[in-house]
>>> print(open('data03.json').read())   # JSON, C-alpha atoms
[["chain", "number", "residue", "atom", "x", "y", "z"],
["A", 26, "MET", "CA", 17.20, 2.36, -18.39],
["A", 27, "GLU", "CA", 16.13, 2.76, -14.75],
["A", 28, "PRO", "CA", 15.58, -0.58, -13.01],
["A", 29, "PRO", "CA", 11.95, -1.05, -11.88],
["A", 30, "VAL", "CA", 11.36, 0.06, -8.30],
["A", 31, "ILE", "CA", 10.26, -2.59, -5.79],
["A", 32, "LEU", "CA", 7.50, -1.68, -3.34],
["A", 33, "GLU", "CA", 7.70, -3.19, 0.14],
["A", 34, "ILE", "CA", 4.41, -3.12, 2.05],
["A", 35, "ALA", "CA", 4.66, -3.82, 5.76],
["A", 36, "ASN", "CA", 1.56, -4.11, 7.97],
["A", 37, "PHE", "CA", 2.07, -3.19, 11.62],
["A", 38, "SER", "CA", -0.38, -3.68, 14.50],
["A", 39, "ILE", "CA", 0.62, -1.37, 17.31],
["A", 40, "VAL", "CA", 0.05, -1.63, 21.04],
["A", 41, "SER", "CA", -3.10, 0.29, 21.96],
["A", 42, "GLY", "CA", -2.44, 3.91, 22.91],
["A", 43, "GLN", "CA", 1.13, 3.90, 21.56],
["A", 44, "GLY", "CA", 0.39, 5.43, 18.17],
["A", 45, "ALA", "CA", 2.03, 8.81, 18.70],
["A", 46, "ALA", "CA", 5.20, 7.26, 20.14],
["A", 47, "PHE", "CA", 5.31, 4.69, 17.32],
["A", 48, "GLU", "CA", 4.94, 7.42, 14.70],
["A", 49, "GLU", "CA", 7.84, 9.34, 16.19],
["A", 50, "ALA", "CA", 9.95, 6.15, 16.35],
["A", 51, "ILE", "CA", 9.25, 5.07, 12.78],
["A", 52, "GLN", "CA", 9.95, 8.54, 11.42],
["A", 53, "ARG", "CA", 13.27, 8.51, 13.25],
["A", 54, "GLY", "CA", 13.94, 4.96, 12.02],
["A", 55, "LEU", "CA", 13.28, 5.94, 8.43],
["A", 56, "SER", "CA", 15.23, 9.16, 8.39],
["A", 57, "HIS", "CA", 18.19, 7.97, 10.51],
["A", 58, "VAL", "CA", 18.44, 4.23, 9.77],
["A", 59, "ALA", "CA", 16.52, 2.79, 6.79],
["A", 60, "SER", "CA", 17.34, 5.72, 4.52],
["A", 61, "ARG", "CA", 21.03, 4.84, 4.88],
["A", 62, "ALA", "CA", 20.47, 1.39, 3.35],
["A", 63, "LYS", "CA", 21.73, 0.78, -0.18],
["A", 64, "GLY", "CA", 18.84, 0.98, -2.65],
["A", 65, "PHE", "CA", 16.42, 2.87, -0.34],
["A", 66, "LYS", "CA", 14.35, 5.12, -2.61],
["A", 67, "GLY", "CA", 11.80, 6.64, -0.22],
["A", 68, "ALA", "CA", 8.99, 5.69, 2.14],
["A", 69, "LYS", "CA", 5.48, 6.55, 3.30],
["A", 70, "VAL", "CA", 3.84, 5.81, 6.64],
["A", 71, "ASN", "CA", 0.04, 5.48, 6.61],
["A", 72, "ARG", "CA", -2.33, 5.17, 9.59],
["A", 73, "GLY", "CA", -5.58, 3.18, 9.35],
["A", 74, "ILE", "CA", -8.86, 5.06, 9.47],
["A", 75, "GLU", "CA", -11.03, 2.02, 10.31],
["A", 76, "ASN", "CA", -8.35, 0.76, 12.70],
["A", 77, "PRO", "CA", -5.99, 3.53, 13.96],
["A", 78, "GLU", "CA", -3.67, 0.93, 15.50],
["A", 79, "HIS", "CA", -2.97, -0.50, 12.05],
["A", 80, "TYR", "CA", -0.17, 1.14, 10.06],
["A", 81, "VAL", "CA", 0.96, 0.44, 6.52],
["A", 82, "LEU", "CA", 4.56, 1.27, 5.76],
["A", 83, "GLN", "CA", 5.57, 1.51, 2.14],
["A", 84, "ILE", "CA", 9.26, 1.51, 1.28],
["A", 85, "PHE", "CA", 10.54, 1.80, -2.27],
["A", 86, "TRP", "CA", 13.70, -0.16, -3.04],
["A", 87, "GLU", "CA", 15.90, -0.26, -6.10],
["A", 88, "THR", "CA", 15.93, -4.08, -6.08],
["A", 89, "LEU", "CA", 14.25, -6.79, -4.02],
["A", 90, "GLU", "CA", 17.63, -7.91, -2.67],
["A", 91, "ASP", "CA", 18.43, -4.40, -1.42],
["A", 92, "HIS", "CA", 15.70, -5.08, 1.16],
["A", 93, "THR", "CA", 15.75, -8.84, 1.71],
["A", 94, "VAL", "CA", 19.51, -9.33, 1.68],
["A", 95, "GLY", "CA", 21.18, -5.93, 2.09],
["A", 96, "PHE", "CA", 18.93, -4.33, 4.69],
["A", 97, "ARG", "CA", 17.56, -7.35, 6.54],
["A", 98, "GLY", "CA", 20.91, -9.10, 6.54],
["A", 99, "GLY", "CA", 22.99, -6.03, 7.31],
["A", 100, "PRO", "CA", 23.95, -4.04, 10.39],
["A", 101, "LEU", "CA", 21.14, -1.45, 10.11],
["A", 102, "PHE", "CA", 18.34, -3.94, 10.69],
["A", 103, "ALA", "CA", 18.94, -4.43, 14.42],
["A", 104, "GLU", "CA", 18.95, -0.64, 14.88],
["A", 105, "TRP", "CA", 15.68, -0.31, 12.93],
["A", 106, "ARG", "CA", 13.96, -3.09, 14.87],
["A", 107, "ALA", "CA", 15.16, -1.72, 18.21],
["A", 108, "LEU", "CA", 13.37, 1.54, 17.39],
["A", 109, "ILE", "CA", 10.02, 0.22, 16.16],
["A", 110, "GLY", "CA", 9.83, -3.35, 17.54],
["A", 111, "PRO", "CA", 8.79, -2.31, 21.08],
["A", 112, "TYR", "CA", 5.48, -0.96, 19.70],
["A", 113, "PHE", "CA", 4.41, -4.13, 17.83],
["A", 114, "ALA", "CA", 1.27, -5.86, 19.14],
["A", 115, "ALA", "CA", 1.82, -8.71, 16.64],
["A", 116, "ASP", "CA", 4.43, -9.90, 14.17],
["A", 117, "PRO", "CA", 4.44, -7.61, 11.14],
["A", 118, "SER", "CA", 3.59, -8.99, 7.72],
["A", 119, "VAL", "CA", 5.77, -7.90, 4.82],
["A", 120, "GLU", "CA", 5.38, -8.50, 1.09],
["A", 121, "HIS", "CA", 6.91, -7.02, -2.06],
["A", 122, "TYR", "CA", 5.27, -5.74, -5.21],
["A", 123, "THR", "CA", 6.07, -4.45, -8.67],
["A", 124, "LEU", "CA", 4.10, -1.61, -10.21],
["A", 125, "VAL", "CA", 1.77, -2.84, -12.94],
["A", 126, "SER", "CA", 0.15, 0.45, -13.89],
["A", 127, "LYS", "CA", -0.43, 3.98, -12.78],
["A", 128, "PRO", "CA", -3.28, 5.27, -14.92],
["B", 6, "MET", "CA", -5.50, 24.60, 2.31],
["B", 7, "GLU", "CA", -5.67, 21.31, 0.37],
["B", 8, "PRO", "CA", -7.69, 18.66, 2.20],
["B", 9, "PRO", "CA", -5.59, 15.61, 3.16],
["B", 10, "VAL", "CA", -5.74, 12.83, 0.59],
["B", 11, "ILE", "CA", -7.24, 9.50, 1.67],
["B", 12, "LEU", "CA", -5.48, 6.32, 0.57],
["B", 13, "GLU", "CA", -7.65, 3.30, -0.21],
["B", 14, "ILE", "CA", -5.77, 0.00, -0.17],
["B", 15, "ALA", "CA", -7.62, -2.95, -1.71],
["B", 16, "ASN", "CA", -6.18, -6.48, -1.63],
["B", 17, "PHE", "CA", -7.26, -8.76, -4.47],
["B", 18, "SER", "CA", -6.67, -12.50, -4.81],
["B", 19, "ILE", "CA", -7.07, -13.43, -8.44],
["B", 20, "VAL", "CA", -8.05, -16.72, -10.06],
["B", 21, "SER", "CA", -4.90, -18.64, -10.98],
["B", 22, "GLY", "CA", -3.68, -17.96, -14.51],
["B", 23, "GLN", "CA", -5.92, -14.91, -14.99],
["B", 24, "GLY", "CA", -3.35, -12.25, -14.09],
["B", 25, "ALA", "CA", -2.88, -10.75, -17.55],
["B", 26, "ALA", "CA", -6.63, -10.53, -18.18],
["B", 27, "PHE", "CA", -7.21, -9.03, -14.73],
["B", 28, "GLU", "CA", -4.50, -6.42, -15.30],
["B", 29, "GLU", "CA", -6.12, -5.39, -18.57],
["B", 30, "ALA", "CA", -9.55, -5.25, -16.90],
["B", 31, "ILE", "CA", -8.43, -3.20, -13.91],
["B", 32, "GLN", "CA", -6.56, -0.74, -16.09],
["B", 33, "ARG", "CA", -9.69, -0.29, -18.17],
["B", 34, "GLY", "CA", -11.78, 0.00, -14.99],
["B", 35, "LEU", "CA", -9.51, 2.69, -13.59],
["B", 36, "SER", "CA", -9.16, 4.76, -16.73],
["B", 37, "HIS", "CA", -12.77, 4.42, -17.96],
["B", 38, "VAL", "CA", -14.81, 4.06, -14.74],
["B", 39, "ALA", "CA", -13.18, 4.87, -11.37],
["B", 40, "SER", "CA", -11.39, 7.95, -12.71],
["B", 41, "ARG", "CA", -14.79, 9.48, -13.47],
["B", 42, "ALA", "CA", -15.79, 9.35, -9.79],
["B", 43, "LYS", "CA", -15.88, 12.62, -7.83],
["B", 44, "GLY", "CA", -12.77, 12.96, -5.68],
["B", 45, "PHE", "CA", -10.67, 10.35, -7.57],
["B", 46, "LYS", "CA", -7.07, 11.60, -7.39],
["B", 47, "GLY", "CA", -5.10, 8.75, -8.98],
["B", 48, "ALA", "CA", -4.29, 5.07, -8.58],
["B", 49, "LYS", "CA", -1.56, 2.45, -8.68],
["B", 50, "VAL", "CA", -1.87, -1.27, -9.35],
["B", 51, "ASN", "CA", 0.84, -3.48, -7.80],
["B", 52, "ARG", "CA", 1.45, -7.22, -8.35],
["B", 53, "GLY", "CA", 2.84, -9.44, -5.60],
["B", 54, "ILE", "CA", 6.34, -10.83, -6.00],
["B", 55, "GLU", "CA", 5.99, -13.58, -3.36],
["B", 56, "ASN", "CA", 2.44, -14.30, -4.60],
["B", 57, "PRO", "CA", 1.81, -13.13, -8.19],
["B", 58, "GLU", "CA", -1.93, -13.78, -7.82],
["B", 59, "HIS", "CA", -2.10, -11.14, -5.08],
["B", 60, "TYR", "CA", -2.61, -7.56, -6.23],
["B", 61, "VAL", "CA", -2.67, -4.37, -4.17],
["B", 62, "LEU", "CA", -4.67, -1.51, -5.61],
["B", 63, "GLN", "CA", -4.07, 1.94, -4.20],
["B", 64, "ILE", "CA", -6.56, 4.67, -4.97],
["B", 65, "PHE", "CA", -6.18, 8.23, -3.73],
["B", 66, "TRP", "CA", -9.40, 10.03, -2.86],
["B", 67, "GLU", "CA", -10.08, 13.61, -1.88],
["B", 68, "THR", "CA", -12.26, 12.49, 1.06],
["B", 69, "LEU", "CA", -13.23, 9.15, 2.61],
["B", 70, "GLU", "CA", -16.86, 9.70, 1.61],
["B", 71, "ASP", "CA", -15.90, 10.20, -2.04],
["B", 72, "HIS", "CA", -15.09, 6.48, -1.98],
["B", 73, "THR", "CA", -17.43, 4.98, 0.60],
["B", 74, "VAL", "CA", -20.55, 6.99, -0.27],
["B", 75, "GLY", "CA", -20.02, 8.60, -3.68],
["B", 76, "PHE", "CA", -18.30, 5.79, -5.57],
["B", 77, "ARG", "CA", -19.59, 2.70, -3.77],
["B", 78, "GLY", "CA", -23.12, 4.08, -3.54],
["B", 79, "GLY", "CA", -23.19, 5.56, -7.02],
["B", 80, "PRO", "CA", -23.86, 4.28, -10.54],
["B", 81, "LEU", "CA", -20.19, 3.67, -11.45],
["B", 82, "PHE", "CA", -19.66, 0.91, -8.89],
["B", 83, "ALA", "CA", -21.64, -1.78, -10.73],
["B", 84, "GLU", "CA", -19.66, -1.03, -13.90],
["B", 85, "TRP", "CA", -16.37, -1.26, -12.01],
["B", 86, "ARG", "CA", -17.27, -4.55, -10.31],
["B", 87, "ALA", "CA", -18.54, -6.05, -13.57],
["B", 88, "LEU", "CA", -15.07, -5.47, -15.05],
["B", 89, "ILE", "CA", -12.88, -6.80, -12.23],
["B", 90, "GLY", "CA", -15.21, -9.00, -10.16],
["B", 91, "PRO", "CA", -15.04, -12.03, -12.49],
["B", 92, "TYR", "CA", -11.31, -12.43, -11.69],
["B", 93, "PHE", "CA", -11.65, -12.52, -7.87],
["B", 94, "ALA", "CA", -10.71, -15.79, -6.18],
["B", 95, "ALA", "CA", -11.90, -14.38, -2.81],
["B", 96, "ASP", "CA", -13.70, -11.35, -1.46],
["B", 97, "PRO", "CA", -11.40, -8.32, -1.60],
["B", 98, "SER", "CA", -10.37, -6.57, 1.59],
["B", 99, "VAL", "CA", -10.43, -2.79, 1.58],
["B", 100, "GLU", "CA", -9.20, -0.29, 4.18],
["B", 101, "HIS", "CA", -8.49, 3.43, 4.22],
["B", 102, "TYR", "CA", -5.46, 5.34, 5.46],
["B", 103, "THR", "CA", -4.16, 8.81, 6.05],
["B", 104, "LEU", "CA", -0.56, 9.73, 5.35],
["B", 105, "VAL", "CA", 1.44, 10.18, 8.55],
["B", 106, "SER", "CA", 4.83, 10.95, 7.04],
["B", 107, "LYS", "CA", 6.88, 10.78, 3.90],
["B", 108, "PRO", "CA", 10.48, 11.22, 5.01]]
>>> encode(input="data03.json", output="structure tokens")
Amino acid sequence: MEPPVILEIANFSIVSGQGAAFEEAIQRGLSHVASRAKGFKGAKVNRGIENPEHYVLQIFWETLEDHTVGFRGGPLFAEWRALIGPYFAADPSVEHYTLVSKP
Amino acid sequence: MEPPVILEIANFSIVSGQGAAFEEAIQRGLSHVASRAKGFKGAKVNRGIENPEHYVLQIFWETLEDHTVGFRGGPLFAEWRALIGPYFAADPSVEHYTLVSKP
């Protein structure tokens, strides 16, 4: 049986006017860095309509520890943060979820 | 060309101990009520791992107005809120997003 996928939701507030540069950076970070992490199962980047400087990143992980231990505690994390960190206007908030239903 | 899909993200804080009942109610609300709204393109319900009384509902809409005008301003909304509202421990927060990338 497939293990249940874990959904990471990260909320980013970006420095005003830096949206296009941030989008380029996070796409590079996902395709070149995060996607190399063990257990990475895909990602989506979403831009706020009410607040265009608010982004929601969703990353799907095989297990919670693939993110919290493997990725955050491993060598890729510094590379990832170096790419996207310069655009943060505030500390990101990150939580994890399991899928309850998909009607 | 397909119009871009709009992602609604709603954050719900649920009364302690009412998770199972809320999950049943929101599944019924999605399959019997929200799914009948014009422009409804699917949904996912996610439960918090760090905080199991925090749920994230994602609904995909054809246009922003299908949610903000059609659904919220239409006859289905009272039915939907009657099902899930009793479980809220706080006012929900709702924002809308467009997909930037899916690497």
>>> residues_around(input="data03.json", residues="Gly64 (chain A)", least_positions_apart="6", cutoff="7 Å", atoms="all atoms listed in the file", output="list in words")
Trp86, Glu87, Thr88 and Asp91 of chain A
>>> closest_atom_pairs(input="data03.json", of="region 29-104 of chain B", to="region 27-45 of chain A", cutoff="10 Å", atoms="all atoms listed in the file", output="CSV")
residue,atom,partner,partner_atom,distance
B:Asn51,CA,A:Leu32,CA,8.2
B:Arg52,CA,A:Leu32,CA,9.6
B:Gly53,CA,A:Leu32,CA,9.3
B:Ile54,CA,A:Ile31,CA,9.1
B:Val61,CA,A:Ile34,CA,9.5
>>> interface_residues(input="data03.json", of="chain B", to="chain A", cutoff="6 Å", atoms="only C-alpha atoms", output="MDAnalysis selection string")
chainID B and resid 48:54 101:107
>>> atom_distance(input="data03.json", atom1="CA of Arg106 (chain A)", atom2="CA of Phe47 (chain A)")
11.9 Å
>>> atom_distance(input="data03.json", atom1="CA of Lys43 (chain B)", atom2="CA of Val74 (chain B)")
10.5 Å
>>> atom_distance(input="data03.json", atom1="CA of Ala115 (chain A)", atom2="CA of Ala59 (chain A)")
21.1 Å
>>> closest_residue(input="data03.json", among="A:Glu78, A:Thr93, A:Phe85, A:Ala103", to="Ala46 (chain A)", atoms="all atoms listed in the file")
A:Glu78
>>> residues_around(input="data03.json", residues="Phe82 (chain B)", least_positions_apart="2", cutoff="12 Å", atoms="all atoms listed in the file", output="JSON, numbers by chain")
{"B": [34, 35, 37, 38, 39, 40, 41, 42, 72, 73, 74, 75, 76, 77, 78, 79, 80, 84, 85, 86, 87, 88, 89, 90]}
